[in-house]
$ cat final.cif   # mmCIF, C-alpha atoms
data_my_file
#
loop_
_atom_site.label_atom_id
_atom_site.label_comp_id
_atom_site.auth_asym_id
_atom_site.auth_seq_id
_atom_site.Cartn_x
_atom_site.Cartn_y
_atom_site.Cartn_z
CA MET A 1 129.39 212.58 77.56
CA GLY A 2 127.27 215.16 75.74
CA LYS A 3 127.94 218.76 74.82
CA PHE A 4 127.41 222.00 76.68
CA LEU A 5 125.16 224.39 74.72
CA ALA A 6 124.82 228.12 75.45
CA LEU A 7 122.38 230.39 73.61
CA GLY A 8 122.19 234.17 73.75
CA GLU A 9 123.17 237.51 72.28
CA ILE A 10 126.80 238.49 71.86
CA MET A 11 127.62 242.18 71.54
CA LEU A 12 130.43 244.55 70.75
CA ARG A 13 131.71 246.36 73.83
CA ILE A 14 133.43 249.73 73.49
CA SER A 15 135.22 251.07 76.57
CA ASN A 16 137.69 253.67 77.78
CA GLU A 17 140.87 253.36 79.75
CA ALA A 18 140.51 253.53 83.52
CA GLY A 19 141.05 257.06 84.77
CA THR A 20 139.42 258.71 81.73
CA ARG A 21 135.88 259.65 80.75
CA MET A 22 134.24 257.64 78.00
CA PHE A 23 133.40 260.47 75.64
CA SER A 24 136.55 262.54 76.12
CA GLU A 25 138.94 259.65 75.57
CA PRO A 26 140.49 259.78 72.05
CA ALA A 27 141.34 256.06 71.93
CA LEU A 28 138.65 253.53 72.83
CA LYS A 29 139.01 249.76 72.94
CA SER A 30 136.58 247.15 71.64
CA TYR A 31 135.79 243.64 72.87
CA LEU A 32 133.17 240.98 72.20
CA GLY A 33 131.00 239.88 75.09
CA GLY A 34 127.65 238.65 76.30
CA GLY A 35 126.62 236.48 79.24
CA GLU A 36 126.12 233.17 77.46
CA ALA A 37 128.98 233.73 75.01
CA ASN A 38 131.34 234.51 77.89
CA VAL A 39 130.38 231.23 79.55
CA ALA A 40 130.82 229.26 76.32
CA TYR A 41 134.22 230.83 75.64
CA SER A 42 135.46 230.05 79.13
CA ILE A 43 134.02 226.57 79.55
CA ALA A 44 135.50 225.42 76.23
CA GLN A 45 138.96 226.21 77.62
CA TYR A 46 138.28 223.78 80.46
CA GLY A 47 138.03 220.89 78.01
CA VAL A 48 134.23 220.67 77.88
CA PRO A 49 132.81 220.11 74.36
CA THR A 50 130.91 223.35 73.83
CA LYS A 51 128.42 224.72 71.32
CA TYR A 52 127.11 228.27 71.04
CA ALA A 53 123.92 229.43 69.32
CA SER A 54 123.10 233.01 68.36
CA ILE A 55 122.15 235.34 65.52
CA VAL A 56 124.70 237.87 64.28
CA PRO A 57 124.94 239.98 61.11
CA ALA A 58 126.57 238.72 57.93
CA ASN A 59 129.39 241.27 58.02
CA PRO A 60 132.92 241.49 59.47
CA LEU A 61 131.55 242.00 62.98
CA GLY A 62 129.51 238.82 62.70
CA ASP A 63 132.55 237.04 61.26
CA SER A 64 134.61 238.15 64.27
CA VAL A 65 132.12 236.37 66.56
CA LEU A 66 132.67 233.10 64.71
CA ASN A 67 136.44 233.56 64.68
CA THR A 68 136.74 234.55 68.35
CA LEU A 69 134.66 231.67 69.72
CA GLY A 70 135.98 229.17 67.19
CA ALA A 71 139.56 230.00 68.19
CA VAL A 72 139.07 228.34 71.60
CA GLY A 73 137.20 225.35 70.20
CA VAL A 74 133.56 226.46 70.52
CA ASP A 75 131.31 224.86 67.89
CA VAL A 76 129.65 227.83 66.12
CA THR A 77 127.64 225.91 63.50
CA GLU A 78 124.42 227.08 65.19
CA VAL A 79 125.36 230.77 64.96
CA TYR A 80 123.21 232.19 62.17
CA GLN A 81 124.35 235.22 60.19
CA ASP A 82 121.36 237.39 59.36
CA GLY A 83 119.80 240.75 60.22
CA PRO A 84 121.09 244.34 60.31
CA ARG A 85 123.61 244.73 63.12
CA LEU A 86 125.53 243.47 66.11
CA GLY A 87 124.28 244.98 69.36
CA THR A 88 126.68 247.37 71.06
CA TYR A 89 127.27 248.59 74.57
CA TYR A 90 129.58 251.26 75.92
CA LEU A 91 131.33 250.76 79.25
CA GLU A 92 132.89 253.65 81.10
CA LEU A 93 135.35 252.07 83.52
CA GLY A 94 135.27 253.49 87.02
CA SER A 95 137.97 254.45 89.48
CA GLY A 96 138.00 254.63 93.26
CA ALA A 97 134.51 255.31 94.57
CA ARG A 98 133.26 256.02 91.02
CA GLY A 99 131.73 252.83 89.66
CA ALA A 100 131.64 251.69 86.04
CA LYS A 101 128.64 252.66 83.92
CA ALA A 102 127.15 250.75 80.98
CA PHE A 103 125.22 252.38 78.14
CA TYR A 104 123.32 250.03 75.82
CA ASP A 105 122.90 250.46 72.07
CA ARG A 106 121.41 247.06 71.36
CA ALA A 107 117.98 247.90 69.95
CA TYR A 108 117.26 246.53 66.46
CA SER A 109 120.17 244.10 66.61
CA SER A 110 120.07 240.90 64.58
CA PHE A 111 119.36 238.90 67.72
CA ALA A 112 116.83 241.25 69.32
CA LEU A 113 114.76 241.56 66.12
CA THR A 114 114.37 237.79 65.75
CA GLU A 115 110.83 236.60 66.43
CA LYS A 116 110.73 233.18 64.79
CA LEU A 117 113.60 230.96 65.90
CA PRO A 118 115.83 229.82 63.02
CA TRP A 119 117.04 226.57 64.55
CA ASN A 120 116.04 223.01 63.80
CA PHE A 121 115.59 221.78 67.38
CA ASP A 122 116.73 218.22 66.67
CA GLU A 123 119.98 219.59 65.27
CA LEU A 124 120.37 222.30 67.91
CA PHE A 125 119.97 219.89 70.82
CA ALA A 126 121.74 216.89 69.26
CA ASP A 127 124.15 215.32 71.79
CA VAL A 128 123.58 218.17 74.27
CA GLU A 129 123.88 217.34 77.97
CA ILE A 130 123.56 220.83 79.50
CA PHE A 131 121.67 223.78 78.01
CA HIS A 132 122.54 227.22 79.41
CA LEU A 133 120.86 230.59 78.98
CA SER A 134 120.07 233.64 81.07
CA GLY A 135 117.39 236.13 81.95
CA ILE A 136 118.95 238.66 79.58
CA VAL A 137 117.52 236.75 76.62
CA GLY A 138 113.96 236.94 77.91
CA ALA A 139 114.39 240.62 78.76
CA LEU A 140 115.02 241.64 75.15
CA SER A 141 111.40 241.51 73.99
CA PRO A 142 108.06 239.77 74.65
CA ALA A 143 108.77 237.57 71.63
CA TRP A 144 112.10 236.48 73.08
CA LEU A 145 110.52 235.61 76.41
CA GLU A 146 108.14 233.27 74.59
CA ASN A 147 111.09 231.88 72.63
CA VAL A 148 112.86 231.14 75.91
CA MET A 149 109.84 229.16 77.09
CA LEU A 150 109.79 227.25 73.79
CA LEU A 151 113.51 226.47 73.99
CA LEU A 152 113.17 225.24 77.57
CA ALA A 153 110.27 222.99 76.62
CA GLU A 154 112.21 221.50 73.71
CA ALA A 155 115.26 220.88 75.91
CA LYS A 156 113.08 219.31 78.61
CA LYS A 157 111.49 216.95 76.09
CA ARG A 158 114.93 215.63 75.30
CA GLY A 159 115.95 215.09 78.92
CA ILE A 160 118.61 217.82 78.85
CA THR A 161 119.83 219.42 82.07
CA ILE A 162 118.85 223.10 82.06
CA SER A 163 121.18 225.73 83.51
CA PHE A 164 119.84 229.25 84.01
CA ASP A 165 121.46 232.47 85.22
CA SER A 166 118.97 235.09 86.41
CA ASN A 167 121.39 237.84 85.30
CA TYR A 168 119.00 240.67 86.16
CA ARG A 169 119.68 243.92 84.29
CA ALA A 170 117.71 246.92 85.56
CA LYS A 171 118.28 248.76 82.27
CA LEU A 172 116.46 246.00 80.36
CA TRP A 173 113.35 245.40 82.46
CA SER A 174 111.66 246.19 85.76
CA PRO A 175 111.91 244.00 88.88
CA GLN A 176 108.23 243.08 88.47
CA ALA A 177 108.62 242.05 84.82
CA ALA A 178 111.74 240.05 85.64
CA GLY A 179 110.04 238.39 88.61
CA ASN A 180 107.01 237.40 86.54
CA ALA A 181 109.29 235.89 83.91
CA LEU A 182 111.34 234.00 86.48
CA LYS A 183 108.18 232.47 87.93
CA ARG A 184 107.49 230.99 84.49
CA ILE A 185 111.08 229.94 83.78
CA LEU A 186 112.31 228.46 87.06
CA PRO A 187 109.94 225.44 87.14
CA GLN A 188 111.90 224.18 84.10
CA VAL A 189 115.37 224.75 85.55
CA ASP A 190 117.77 222.22 87.11
CA ILE A 191 120.82 224.40 87.86
CA LEU A 192 120.26 228.00 88.95
CA SER A 193 122.64 230.90 89.29
CA ALA A 194 120.82 233.46 91.44
CA GLY A 195 121.44 235.34 94.64
CA VAL A 196 119.63 236.40 97.79
CA LYS A 197 118.56 239.73 96.28
CA ASP A 198 116.88 237.92 93.36
CA ALA A 199 114.83 235.91 95.84
CA LYS A 200 113.83 239.00 97.83
CA TYR A 201 113.33 241.68 95.20
CA LEU A 202 112.45 239.78 92.01
CA LEU A 203 110.61 236.68 93.21
CA GLU A 204 109.44 238.37 96.44
CA LEU A 205 109.78 235.13 98.41
CA ASP A 206 108.64 235.46 102.02
CA GLY A 207 111.05 235.63 104.93
CA ILE A 208 114.25 236.41 103.03
CA ASP A 209 117.15 237.62 105.19
CA LEU A 210 119.81 239.24 102.99
CA ASP A 211 122.53 237.93 105.33
CA ASP A 212 121.29 234.33 105.29
CA VAL A 213 122.42 232.70 102.03
CA ALA A 214 121.50 229.14 103.06
CA GLY A 215 118.06 230.30 104.20
CA ALA A 216 117.46 232.01 100.86
CA TYR A 217 118.47 228.87 98.97
CA GLU A 218 116.00 226.88 101.06
CA LYS A 219 113.28 229.36 100.07
CA TYR A 220 114.17 228.82 96.42
CA LEU A 221 113.79 225.07 96.86
CA GLN A 222 110.47 225.44 98.64
CA ALA A 223 109.14 227.52 95.75
CA PHE A 224 110.82 225.47 93.01
CA PRO A 225 111.50 221.92 94.24
CA ASN A 226 112.73 220.93 90.78
CA LEU A 227 116.01 222.80 91.39
CA LYS A 228 118.96 220.47 91.89
CA MET A 229 121.73 223.01 92.44
CA ILE A 230 121.93 226.75 93.21
CA TYR A 231 125.03 228.91 93.22
CA SER A 232 126.04 232.57 93.40
CA THR A 233 128.70 234.93 94.71
CA THR A 234 128.70 237.45 97.52
CA ARG A 235 130.66 240.57 96.63
CA THR A 236 131.86 243.31 98.97
CA VAL A 237 132.74 246.46 97.03
CA ILE A 238 135.44 248.47 98.76
CA SER A 239 136.25 250.53 95.66
CA SER A 240 136.23 250.09 91.87
CA GLU A 241 139.70 248.58 92.15
CA HIS A 242 139.17 246.54 95.31
CA ASN A 243 136.46 243.89 95.88
CA GLN A 244 136.15 240.86 98.12
CA LEU A 245 134.50 237.83 96.56
CA LEU A 246 133.01 234.74 98.18
CA GLY A 247 131.60 231.86 96.14
CA THR A 248 128.63 229.85 97.40
CA LEU A 249 127.01 226.61 96.28
CA TYR A 250 123.94 224.84 97.61
CA LEU A 251 123.74 221.16 96.75
CA ASP A 252 121.91 218.26 98.40
CA GLY A 253 120.78 220.44 101.29
CA LYS A 254 124.27 221.67 102.17
CA LEU A 255 125.91 225.08 101.74
CA TYR A 256 129.48 225.18 100.43
CA GLN A 257 131.56 228.35 100.52
CA SER A 258 134.88 229.18 98.93
CA GLN A 259 137.76 230.87 100.63
CA LEU A 260 137.39 234.66 100.58
CA HIS A 261 139.18 236.26 97.64
CA ASP A 262 140.57 239.75 98.15
CA ILE A 263 140.85 241.14 94.61
CA LYS A 264 143.09 244.18 94.32
CA PRO A 265 143.72 245.84 91.97
CA ILE A 266 140.78 245.00 89.70
CA VAL A 267 141.58 245.50 86.03
CA ASP A 268 138.05 244.76 84.73
CA ARG A 269 135.22 243.07 86.65
CA ILE A 270 132.84 242.73 83.67
CA GLY A 271 132.36 239.03 82.97
CA GLY A 272 133.38 237.99 86.48
CA GLY A 273 130.01 236.39 87.13
CA ASP A 274 130.13 234.55 83.82
CA ALA A 275 133.61 233.26 84.64
CA TYR A 276 132.23 231.98 87.95
CA ALA A 277 129.32 230.29 86.18
CA ALA A 278 131.63 228.66 83.64
CA GLY A 279 133.91 227.37 86.36
CA MET A 280 130.98 225.97 88.31
CA LEU A 281 129.33 224.33 85.29
CA ALA A 282 132.59 222.83 84.02
CA GLN A 283 133.27 221.25 87.41
CA TYR A 284 129.66 220.01 87.61
CA TYR A 285 130.02 218.50 84.13
CA LYS A 286 133.18 216.71 85.28
CA LYS A 287 131.43 215.48 88.45
CA GLN A 288 133.88 217.11 90.84
CA ASP A 289 133.47 217.33 94.61
CA PRO A 290 131.18 220.26 95.63
CA GLN A 291 133.88 222.03 97.64
CA ALA A 292 136.28 221.72 94.72
CA MET A 293 133.58 223.11 92.43
CA VAL A 294 133.05 226.30 94.41
CA GLU A 295 136.77 226.86 95.00
CA PHE A 296 137.59 226.43 91.29
CA ALA A 297 134.73 228.70 90.15
CA THR A 298 135.68 231.50 92.54
CA ALA A 299 139.34 231.29 91.54
CA ALA A 300 138.31 231.47 87.87
CA SER A 301 136.25 234.57 88.59
CA HIS A 302 139.18 236.14 90.46
CA LEU A 303 141.42 235.63 87.46
CA LYS A 304 138.89 237.24 85.14
CA HIS A 305 139.10 240.42 87.24
CA THR A 306 142.79 240.69 86.32
CA ILE A 307 142.36 241.11 82.55
CA LEU A 308 140.57 243.47 80.19
CA GLY A 309 137.50 242.39 78.24
CA ASP A 310 134.38 240.36 78.96
CA MET A 311 135.76 236.88 78.29
CA ASN A 312 138.02 234.91 80.61
CA GLN A 313 141.34 233.98 79.01
CA PHE A 314 142.52 231.21 81.35
CA ASN A 315 142.48 227.45 80.85
CA GLU A 316 141.86 224.83 83.51
CA LYS A 317 145.52 224.27 84.33
CA GLU A 318 146.08 227.99 84.82
CA VAL A 319 143.14 228.22 87.22
CA LEU A 320 144.39 225.21 89.19
CA ASP A 321 147.93 226.64 89.30
CA PHE A 322 146.54 229.95 90.56
CA MET A 323 144.67 228.13 93.31
CA GLN A 324 147.98 226.65 94.44
CA SER A 325 150.28 229.65 94.05
CA GLY A 326 148.06 232.73 94.36
CA GLY A 327 149.95 235.76 93.12
CA ASP A 328 153.42 234.25 93.42
CA VAL A 329 155.69 234.29 90.36
CA SER A 330 155.54 231.12 88.24
CA ARG A 331 159.13 230.25 87.23
#
$ encode --input "final.cif" --output "structure tokens"
Amino acid sequence: MGKFLALGEIMLRISNEAGTRMFSEPALKSYLGGGEANVAYSIAQYGVPTKYASIVPANPLGDSVLNTLGAVGVDVTEVYQDGPRLGTYYLELGSGARGAKAFYDRAYSSFALTEKLPWNFDELFADVEIFHLSGIVGALSPAWLENVMLLLAEAKKRGITISFDSNYRAKLWSPQAAGNALKRILPQVDILSAGVKDAKYLLELDGIDLDDVAGAYEKYLQAFPNLKMIYSTTRTVISSEHNQLLGTLYLDGKLYQSQLHDIKPIVDRIGGGDAYAAGMLAQYYKKQDPQAMVEFATAASHLKHTILGDMNQFNEKEVLDFMQSGGDVSR
């Protein structure tokens, strides 16, 4: 079987301890993270041959990207080291009814400044079975949106399955700009991670009921019949430390739902969606039963909520053990 390839920007995250304010906390912690990198890091731990492509600076921060991803077996030969800086974002962790807040400092990063793609496409896509990227890449600049379209076309020419996560970020672009981009991107996509709100507020599809997940997926398929699989999560936020999570998958005209996960206390929810995507894509790659796919992915996301940082730290066996034992002590 071929490789899984993810392409996107990885950043340095700086965050406080829960229960403090970001800019009054004397000791801050740093982590690496970014949607596509989080997926690559996680999916490699599930035994899927994985490659990651990006552009990072030729300095110790760029080196840390190679070392972090390489440590779990991700092929980083397509990570170029060039440009001025690694993008940064600050995350103030929330508490109780006070939600977390992200502040971006990613302008003029090595990745964002790139206009002409550095990759040889035959080498980039060699032996690739699934190509994954997200809407964040296209949101960075008009040049990057055109690069996304070029990358999709090159992957399509080679018969590669395309996985796309809408990953809408209101601080990067408007709903109208995101919707216009999605209307260009989605006709090229095979596997889509997107929710009901994306259909209603970004794509403005007619007749969307926010409480009808299956109906929304049907609307996606009517608008984009090329889609083979759609998945997302439904999250109920009770407090910053307490969420309920339900995984959903739409495949071959049927809706699959996971058991409801009551996640309390949450240590860090950043990267939970990427952990879900990685779990889903790994199980799809391994041709697992649809119900098993959605249960595994939701369990993987649950586990991510229990650790600090953007990247999930659990391998396949640990996720499967968690599905069997829940929070019981493993002796």
$ closest_residue --input "final.cif" --among "A:Ile136, A:Ala71, A:Ala100, A:Leu186" --to "Thr20 (chain A)" --atoms "only C-alpha atoms"
A:Ala100
$ resolve_selection --input "final.cif" --expression "the PyMOL selection byres ((chain A and resi 267) around 7)" --output "PyMOL selection string"
chain A and resi 265-266+268-269+305-308
$ resolve_selection --input "final.cif" --expression "the PyMOL selection byres ((chain A and resi 13) around 8)" --output "list in words"
Met11, Leu12, Ile14, Ser15, Ser30, Tyr31, Leu32, Gly33, Thr88, Tyr89, Tyr90 and Leu91 of chain A
$ resolve_selection --input "final.cif" --expression "the PyMOL selection byres ((chain A and resi 154-170) around 8)" --output "mmCIF file with C-alpha atoms, in the frame of the given file"
data_model
loop_
_atom_site.group_PDB
_atom_site.id
_atom_site.type_symbol
_atom_site.label_atom_id
_atom_site.label_comp_id
_atom_site.auth_asym_id
_atom_site.auth_seq_id
_atom_site.Cartn_x
_atom_site.Cartn_y
_atom_site.Cartn_z
ATOM 1 C CA PHE A 121 115.590 221.780 67.380
ATOM 2 C CA PHE A 125 119.970 219.890 70.820
ATOM 3 C CA VAL A 128 123.580 218.170 74.270
ATOM 4 C CA GLU A 129 123.880 217.340 77.970
ATOM 5 C CA ILE A 130 123.560 220.830 79.500
ATOM 6 C CA PHE A 131 121.670 223.780 78.010
ATOM 7 C CA HIS A 132 122.540 227.220 79.410
ATOM 8 C CA LEU A 133 120.860 230.590 78.980
ATOM 9 C CA SER A 134 120.070 233.640 81.070
ATOM 10 C CA GLY A 135 117.390 236.130 81.950
ATOM 11 C CA ILE A 136 118.950 238.660 79.580
ATOM 12 C CA LEU A 150 109.790 227.250 73.790
ATOM 13 C CA LEU A 151 113.510 226.470 73.990
ATOM 14 C CA LEU A 152 113.170 225.240 77.570
ATOM 15 C CA ALA A 153 110.270 222.990 76.620
ATOM 16 C CA LYS A 171 118.280 248.760 82.270
ATOM 17 C CA LEU A 172 116.460 246.000 80.360
ATOM 18 C CA TRP A 173 113.350 245.400 82.460
ATOM 19 C CA SER A 174 111.660 246.190 85.760
ATOM 20 C CA PRO A 175 111.910 244.000 88.880
ATOM 21 C CA ALA A 178 111.740 240.050 85.640
ATOM 22 C CA LEU A 182 111.340 234.000 86.480
ATOM 23 C CA GLN A 188 111.900 224.180 84.100
ATOM 24 C CA VAL A 189 115.370 224.750 85.550
ATOM 25 C CA ASP A 190 117.770 222.220 87.110
ATOM 26 C CA ILE A 191 120.820 224.400 87.860
ATOM 27 C CA LEU A 192 120.260 228.000 88.950
ATOM 28 C CA SER A 193 122.640 230.900 89.290
ATOM 29 C CA ALA A 194 120.820 233.460 91.440
ATOM 30 C CA ASP A 198 116.880 237.920 93.360
#
$ axis_aligned_box --input "final.cif" --around "region 221-236 of chain A" --padding-each-side "3 Å" --output "AutoDock Vina command-line options"
--center_x 120.5 --center_y 231.9 --center_z 94.9 --size_x 28.7 --size_y 28.8 --size_z 14.2
$ residues_around --input "final.cif" --residues "Lys116 (chain A)" --least-positions-apart "3" --cutoff "12 Å" --atoms "all atoms listed in the file" --output "list in words"
Ile55, Phe111, Ala112, Leu113, Trp119, Asn120, Ala143, Trp144, Leu145, Glu146, Asn147, Val148, Leu150 and Leu151 of chain A
$ residues_near_point --input "final.cif" --point "(133.0, 258.6, 74.8)" --cutoff "12 Å" --atoms "only C-alpha atoms" --output "ChimeraX atom specification"
/A:14-17,20-29,89-93,101-103
$ write_last_selection --input "final.cif" --atoms "C-alpha atoms" --output "CSV table (one decimal), keeping the file's coordinate frame"
chain,number,residue,atom,x,y,z
A,14,ILE,CA,133.4,249.7,73.5
A,15,SER,CA,135.2,251.1,76.6
A,16,ASN,CA,137.7,253.7,77.8
A,17,GLU,CA,140.9,253.4,79.8
A,20,THR,CA,139.4,258.7,81.7
A,21,ARG,CA,135.9,259.6,80.8
A,22,MET,CA,134.2,257.6,78.0
A,23,PHE,CA,133.4,260.5,75.6
A,24,SER,CA,136.6,262.5,76.1
A,25,GLU,CA,138.9,259.6,75.6
A,26,PRO,CA,140.5,259.8,72.0
A,27,ALA,CA,141.3,256.1,71.9
A,28,LEU,CA,138.6,253.5,72.8
A,29,LYS,CA,139.0,249.8,72.9
A,89,TYR,CA,127.3,248.6,74.6
A,90,TYR,CA,129.6,251.3,75.9
A,91,LEU,CA,131.3,250.8,79.2
A,92,GLU,CA,132.9,253.6,81.1
A,93,LEU,CA,135.4,252.1,83.5
A,101,LYS,CA,128.6,252.7,83.9
A,102,ALA,CA,127.2,250.8,81.0
A,103,PHE,CA,125.2,252.4,78.1
$ closest_residue --input "final.cif" --among "A:Val65, A:Leu245, A:Val237, A:Val319" --to "Gly273 (chain A)" --atoms "all atoms listed in the file"
A:Leu245
$ closest_residue --input "final.cif" --among "A:Ile270, A:Met229, A:Ile185, A:Ala282" --to "Gln45 (chain A)" --atoms "all atoms listed in the file"
A:Ala282
$ atom_distance --input "final.cif" --atom1 "CA of Phe314 (chain A)" --atom2 "CA of Ser54 (chain A)"
23.4 Å
